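First up is the structure itself, then whatever we jot down about it.
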Amino acid sequence: MIKRHFFLVAAAVVLGLMIVAAVMRVAFAGDEAGAGGPGGGRGGGRGQAVEAAVVVQRPFSDQINVLGVARGQRSVNITSSTSQLITRVLFRDGQRVAAGTPLVQLQAGEEEAGIIEARARVGLAETQYERYAALGEQGYAPRMMVEQYRAELATARATLQAALARQGDLSIRAPFAGTLGLSTVTAGTLISPGAVITTLDDTSVIRVDFPVPERYLGVLRSGLSITATADAYGNEQFSGRIALVDTRINETTRAVTARAEFPNPGGRIRPGMLMRVAIQQGQRQTPAVPEAAVQYEGDGAFVYRIAAGERGSTAQRVEVETGAVEGGYVEIVSGLNANDRVVAGGLNRIQPNAPVTVGGAGGAQRAGATAPTGAAARNAAAQPQAAAR
């Protein structure tokens, strides 16, 4: 019996403690609501801590961005016009060569024998012609015989020139100055017509052909300065100019092909590289905000403008029309004015017309202080938040 009464008393004590805890929790929640609400306590207007950015005038470029492929000023595949064995390779991979430099010597035993025979025929024809020419001057040989031996001499000389040309075809030379590419041929390789022996590129100037929509035809002109970037070098810009605009517009793509030239003294741009070409159309000064301040919804965009009131600052949702995005900033075509303040951090916890506190978790922003913008604001806000954790 005593044990039963003990359990009943213990249950009553636990139930009483639970009721007291619930009452205290409700009381404290009411106090916090009264202190933080619009009409309660000293902290009227205090709300979610956010980072602010000021709408400033920034330059934006009107530019056309297109893709093109880099080509050497002159590029060629070195091939042979005949099937023959390679007897000598006279170059190294990657070597710089001048125009006319011998690259490969093909087997030429038969051609050399033909040259010897042709020279012998030329010598015999010259001797006969000179003899009959002298006899003709003395009147002992008919004029017809002299003309016949003159023709035979000319034929022998032409045969020699043909033999020399055939031998020349077996010595492959560089058609222009440039840099040789990789090669797999060696002495003893049987080369076929059209087979690539090596490549030769003149990369002192790089050409880039790229299509431009016809609506921009009025912007394009020879000599117009342009810039380009390559993925291999990040955001490094290469300066060049438009050398030529094609005379025809593609009827299928409605685009015209333009050719740009870029000086390439260090040979950093390689033929075949993908180039991102930017054609400048001018600059304009317009209001802008950091990219982090702009939220997109469907086809539209909006920001939270910080509006000052009697009881503190609130976040007002404002629909904006955006333009170009450049350098981490978004162009604001309409919806905001210069020097407006917008929420640039803490947007995931903001509701329209909700009270906000500018300057981070440490408290309200000091009067007269400039709202932090960009990375500086994010770093400043991150420090007190990290300390709170």
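Naming works like this for the structure tokens: A, B, ... for the chains as they're shown, residue 1 at the start of each chain, ligands 1 onward in shown order.
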
*Do you know which residues are at most 10 Å from Gly194 (chain A) counting only C-alpha atoms, after dropping those on the same chain fewer than 4 positions away, and could you put them as a ChimeraX atom specification?*
/A:77-83

How would the residues just chosen look if you wrote them out with N, CA, C and O atoms as a PDB file, in the first residue's frame?
ATOM      1  N   ASN A  77      50.098  20.604 -95.150  1.00  0.00           N
ATOM      2  CA  ASN A  77      50.575  19.252 -94.885  1.00  0.00           C
ATOM      3  C   ASN A  77      51.643  18.908 -95.922  1.00  0.00           C
ATOM      4  O   ASN A  77      51.386  18.991 -97.127  1.00  0.00           O
ATOM      5  N   ILE A  78      52.823  18.537 -95.476  1.00  0.00           N
ATOM      6  CA  ILE A  78      53.911  18.165 -96.388  1.00  0.00           C
ATOM      7  C   ILE A  78      53.663  16.733 -96.865  1.00  0.00           C
ATOM      8  O   ILE A  78      53.621  15.799 -96.055  1.00  0.00           O
ATOM      9  N   THR A  79      53.481  16.553 -98.168  1.00  0.00           N
ATOM     10  CA  THR A  79      53.211  15.238 -98.752  1.00  0.00           C
ATOM     11  C   THR A  79      54.126  15.006 -99.952  1.00  0.00           C
ATOM     12  O   THR A  79      54.852  15.904-100.382  1.00  0.00           O
ATOM     13  N   SER A  80      54.033  13.808-100.491  1.00  0.00           N
ATOM     14  CA  SER A  80      54.795  13.452-101.681  1.00  0.00           C
ATOM     15  C   SER A  80      53.832  13.276-102.851  1.00  0.00           C
ATOM     16  O   SER A  80      52.677  12.886-102.668  1.00  0.00           O
ATOM     17  N   SER A  81      54.317  13.566-104.052  1.00  0.00           N
ATOM     18  CA  SER A  81      53.492  13.395-105.252  1.00  0.00           C
ATOM     19  C   SER A  81      53.728  12.043-105.921  1.00  0.00           C
ATOM     20  O   SER A  81      53.142  11.760-106.965  1.00  0.00           O
ATOM     21  N   THR A  82      54.584  11.219-105.344  1.00  0.00           N
ATOM     22  CA  THR A  82      54.900   9.931-105.954  1.00  0.00           C
ATOM     23  C   THR A  82      55.140   8.895-104.862  1.00  0.00           C
ATOM     24  O   THR A  82      55.429   9.239-103.710  1.00  0.00           O
ATOM     25  N   SER A  83      55.012   7.634-105.213  1.00  0.00           N
ATOM     26  CA  SER A  83      55.325   6.540-104.285  1.00  0.00           C
ATOM     27  C   SER A  83      56.815   6.229-104.371  1.00  0.00           C
ATOM     28  O   SER A  83      57.316   5.893-105.450  1.00  0.00           O
TER      29      SER A  83
END

What lies within 9 Å of Arg92 (chain A) using only C-alpha atoms, ignoring chain neighbours under 5 positions off, as a CSV table (one decimal) with all heavy atoms, in the first residue's frame?
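Output contents, as saved in result_14.csv:
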chain,number,residue,atom,x,y,z
A,180,LEU,N,57.8,23.2,-88.0
A,180,LEU,CA,57.3,21.8,-88.4
A,180,LEU,C,56.7,21.1,-87.2
A,180,LEU,O,57.0,21.4,-86.1
A,180,LEU,CB,58.5,21.0,-88.8
A,180,LEU,CG,59.3,21.5,-90.1
A,180,LEU,CD1,60.6,20.7,-90.3
A,180,LEU,CD2,58.4,21.3,-91.3
A,181,GLY,N,55.7,20.2,-87.5
A,181,GLY,CA,55.0,19.5,-86.5
A,181,GLY,C,55.7,18.1,-86.2
A,181,GLY,O,56.8,17.9,-86.6
A,182,LEU,N,54.9,17.3,-85.6
A,182,LEU,CA,55.4,15.9,-85.3
A,182,LEU,C,55.4,15.1,-86.6
A,182,LEU,O,54.5,15.2,-87.5
A,182,LEU,CB,54.5,15.3,-84.2
A,182,LEU,CG,54.5,16.0,-82.9
A,182,LEU,CD1,53.6,15.2,-81.9
A,182,LEU,CD2,55.9,16.1,-82.3
A,183,SER,N,56.3,14.1,-86.7
A,183,SER,CA,56.4,13.2,-87.8
A,183,SER,C,56.8,11.8,-87.3
A,183,SER,O,57.4,11.7,-86.3
A,183,SER,CB,57.5,13.7,-88.8
A,183,SER,OG,57.6,12.8,-89.9

_Shell around Ala354 (chain A) at 12 Å using only C-alpha atoms, local window under 5 positions removed, as a count of residues only_ = 24

_Could you tell me how far CA of Ala293 (chain A) sits from CA of Asp231 (chain A), in Å to one decimal place?_
28.6 Å

_Counting only C-alpha atoms, the option among A:Ala278, A:Glu321, A:Gly136, A:Gln285 closest to Asp299 (chain A)_ =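 Once distances to Asp299 (chain A) are computed over only C-alpha atoms, the minimum belongs to A:Glu321.
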
*Would you mind reading off the distance between CA of Gly327 (chain A) and CA of Ala292 (chain A), one decimal, in Å?*
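Calculated distance between CA of Gly327 (chain A) and CA of Ala292 (chain A) is 12.4 Å.
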
I'd like to know which residues of region 103-186 of chain A are helix (DSSP H, G or I) (by DSSP, run on the backbone); could you write them as a compact mmCIF listing (two decimals) with N, CA and C atoms, in the first residue's frame?
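Contents of result-v2.txt, freshly written:
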# COMPACT_ATOMS: atom_id res chain seq x y z
N GLY A 109 67.67 6.86 -107.69
CA GLY A 109 68.68 6.22 -108.53
C GLY A 109 68.32 6.25 -110.00
N GLU A 110 67.09 5.93 -110.34
CA GLU A 110 66.67 5.92 -111.75
C GLU A 110 66.68 7.32 -112.33
N GLU A 111 66.24 8.28 -111.55
CA GLU A 111 66.21 9.67 -112.03
C GLU A 111 67.63 10.20 -112.26
N GLU A 112 68.56 9.84 -111.38
CA GLU A 112 69.94 10.29 -111.56
C GLU A 112 70.56 9.69 -112.83
N ALA A 113 70.23 8.42 -113.09
CA ALA A 113 70.72 7.81 -114.33
C ALA A 113 70.11 8.50 -115.55
N GLY A 114 68.86 8.87 -115.46
CA GLY A 114 68.22 9.59 -116.56
C GLY A 114 68.87 10.93 -116.81
N ILE A 115 69.30 11.59 -115.74
CA ILE A 115 69.98 12.88 -115.91
C ILE A 115 71.31 12.69 -116.62
N ILE A 116 72.06 11.66 -116.25
CA ILE A 116 73.34 11.39 -116.90
C ILE A 116 73.13 11.15 -118.39
N GLU A 117 72.12 10.33 -118.71
CA GLU A 117 71.83 10.04 -120.12
C GLU A 117 71.42 11.30 -120.87
N ALA A 118 70.59 12.12 -120.23
CA ALA A 118 70.12 13.35 -120.89
C ALA A 118 71.26 14.32 -121.13
N ARG A 119 72.19 14.40 -120.21
CA ARG A 119 73.33 15.29 -120.41
C ARG A 119 74.24 14.80 -121.55
N ALA A 120 74.37 13.49 -121.65
CA ALA A 120 75.17 12.94 -122.76
C ALA A 120 74.52 13.28 -124.09
N ARG A 121 73.19 13.18 -124.16
CA ARG A 121 72.49 13.51 -125.41
C ARG A 121 72.63 14.99 -125.74
N VAL A 122 72.61 15.81 -124.72
CA VAL A 122 72.79 17.25 -124.96
C VAL A 122 74.19 17.53 -125.51
N GLY A 123 75.20 16.88 -124.95
CA GLY A 123 76.56 17.09 -125.45
C GLY A 123 76.71 16.66 -126.89
N LEU A 124 76.16 15.48 -127.25
CA LEU A 124 76.24 15.02 -128.63
C LEU A 124 75.49 15.96 -129.56
N ALA A 125 74.30 16.42 -129.16
CA ALA A 125 73.52 17.32 -130.01
C ALA A 125 74.23 18.65 -130.20
N GLU A 126 74.90 19.15 -129.19
CA GLU A 126 75.63 20.40 -129.31
C GLU A 126 76.80 20.25 -130.31
N THR A 127 77.50 19.12 -130.23
CA THR A 127 78.64 18.89 -131.14
C THR A 127 78.17 18.83 -132.60
N GLN A 128 77.09 18.07 -132.84
CA GLN A 128 76.58 17.95 -134.20
C GLN A 128 76.07 19.28 -134.73
N TYR A 129 75.38 20.00 -133.88
CA TYR A 129 74.84 21.29 -134.34
C TYR A 129 75.97 22.26 -134.66
N GLU A 130 76.97 22.34 -133.82
CA GLU A 130 78.08 23.27 -134.08
C GLU A 130 78.81 22.89 -135.38
N ARG A 131 78.99 21.58 -135.65
CA ARG A 131 79.68 21.14 -136.88
C ARG A 131 78.90 21.55 -138.11
N TYR A 132 77.60 21.23 -138.11
CA TYR A 132 76.80 21.54 -139.30
C TYR A 132 76.54 23.03 -139.42
N ALA A 133 76.53 23.75 -138.33
CA ALA A 133 76.38 25.19 -138.41
C ALA A 133 77.59 25.81 -139.10
N ALA A 134 78.79 25.32 -138.77
CA ALA A 134 80.01 25.82 -139.42
C ALA A 134 80.03 25.46 -140.90
N LEU A 135 79.63 24.21 -141.25
CA LEU A 135 79.59 23.81 -142.65
C LEU A 135 78.55 24.62 -143.42
N GLY A 136 77.46 24.95 -142.76
CA GLY A 136 76.43 25.74 -143.43
C GLY A 136 76.91 27.13 -143.75
N GLU A 137 77.70 27.72 -142.85
CA GLU A 137 78.23 29.06 -143.11
C GLU A 137 79.21 29.04 -144.28
N GLN A 138 79.90 27.89 -144.49
CA GLN A 138 80.85 27.79 -145.59
C GLN A 138 80.17 27.34 -146.89
N ARG A 143 70.89 24.25 -145.60
CA ARG A 143 70.28 24.97 -144.46
C ARG A 143 69.32 24.05 -143.69
N MET A 144 68.64 23.14 -144.40
CA MET A 144 67.69 22.24 -143.75
C MET A 144 68.38 21.35 -142.73
N MET A 145 69.60 20.89 -143.05
CA MET A 145 70.34 20.04 -142.12
C MET A 145 70.72 20.82 -140.85
N VAL A 146 71.10 22.07 -141.03
CA VAL A 146 71.45 22.91 -139.87
C VAL A 146 70.24 23.07 -138.94
N GLU A 147 69.06 23.34 -139.54
CA GLU A 147 67.85 23.51 -138.73
C GLU A 147 67.49 22.21 -138.02
N GLN A 148 67.70 21.08 -138.66
CA GLN A 148 67.37 19.79 -138.05
C GLN A 148 68.22 19.55 -136.80
N TYR A 149 69.53 19.81 -136.89
CA TYR A 149 70.39 19.59 -135.73
C TYR A 149 70.15 20.63 -134.62
N ARG A 150 69.70 21.81 -135.02
CA ARG A 150 69.33 22.80 -134.00
C ARG A 150 68.12 22.30 -133.22
N ALA A 151 67.14 21.72 -133.91
CA ALA A 151 65.96 21.18 -133.24
C ALA A 151 66.33 20.01 -132.34
N GLU A 152 67.25 19.15 -132.80
CA GLU A 152 67.67 18.03 -131.96
C GLU A 152 68.36 18.51 -130.70
N LEU A 153 69.14 19.58 -130.79
CA LEU A 153 69.78 20.15 -129.60
C LEU A 153 68.74 20.67 -128.62
N ALA A 154 67.72 21.36 -129.14
CA ALA A 154 66.68 21.89 -128.26
C ALA A 154 65.92 20.76 -127.58
N THR A 155 65.67 19.67 -128.32
CA THR A 155 64.97 18.52 -127.74
C THR A 155 65.80 17.87 -126.64
N ALA A 156 67.09 17.74 -126.85
CA ALA A 156 67.97 17.14 -125.85
C ALA A 156 68.02 17.98 -124.58
N ARG A 157 68.06 19.30 -124.76
CA ARG A 157 68.07 20.18 -123.59
C ARG A 157 66.74 20.09 -122.82
N ALA A 158 65.62 19.98 -123.51
CA ALA A 158 64.32 19.84 -122.84
C ALA A 158 64.24 18.52 -122.07
N THR A 159 64.80 17.47 -122.67
CA THR A 159 64.82 16.17 -121.99
C THR A 159 65.63 16.25 -120.70
N LEU A 160 66.74 16.98 -120.73
CA LEU A 160 67.55 17.15 -119.52
C LEU A 160 66.78 17.92 -118.45
N GLN A 161 66.07 18.97 -118.85
CA GLN A 161 65.29 19.73 -117.89
C GLN A 161 64.20 18.87 -117.25
N ALA A 162 63.58 17.98 -118.05
CA ALA A 162 62.56 17.10 -117.51
C ALA A 162 63.15 16.12 -116.50
N ALA A 163 64.34 15.60 -116.79
CA ALA A 163 65.00 14.68 -115.87
C ALA A 163 65.37 15.38 -114.56
N LEU A 164 65.86 16.62 -114.66
CA LEU A 164 66.18 17.38 -113.46
C LEU A 164 64.93 17.67 -112.63
N ALA A 165 63.80 17.94 -113.32
CA ALA A 165 62.55 18.20 -112.60
C ALA A 165 62.09 16.95 -111.86
N ARG A 166 62.22 15.78 -112.50
CA ARG A 166 61.83 14.54 -111.83
C ARG A 166 62.69 14.29 -110.61
N GLN A 167 63.96 14.60 -110.74
CA GLN A 167 64.83 14.46 -109.57
C GLN A 167 64.45 15.45 -108.48
N GLY A 168 64.07 16.67 -108.88
CA GLY A 168 63.66 17.68 -107.89
C GLY A 168 62.42 17.28 -107.13
N ASP A 169 61.51 16.55 -107.78
CA ASP A 169 60.31 16.08 -107.09
C ASP A 169 60.64 15.10 -105.99
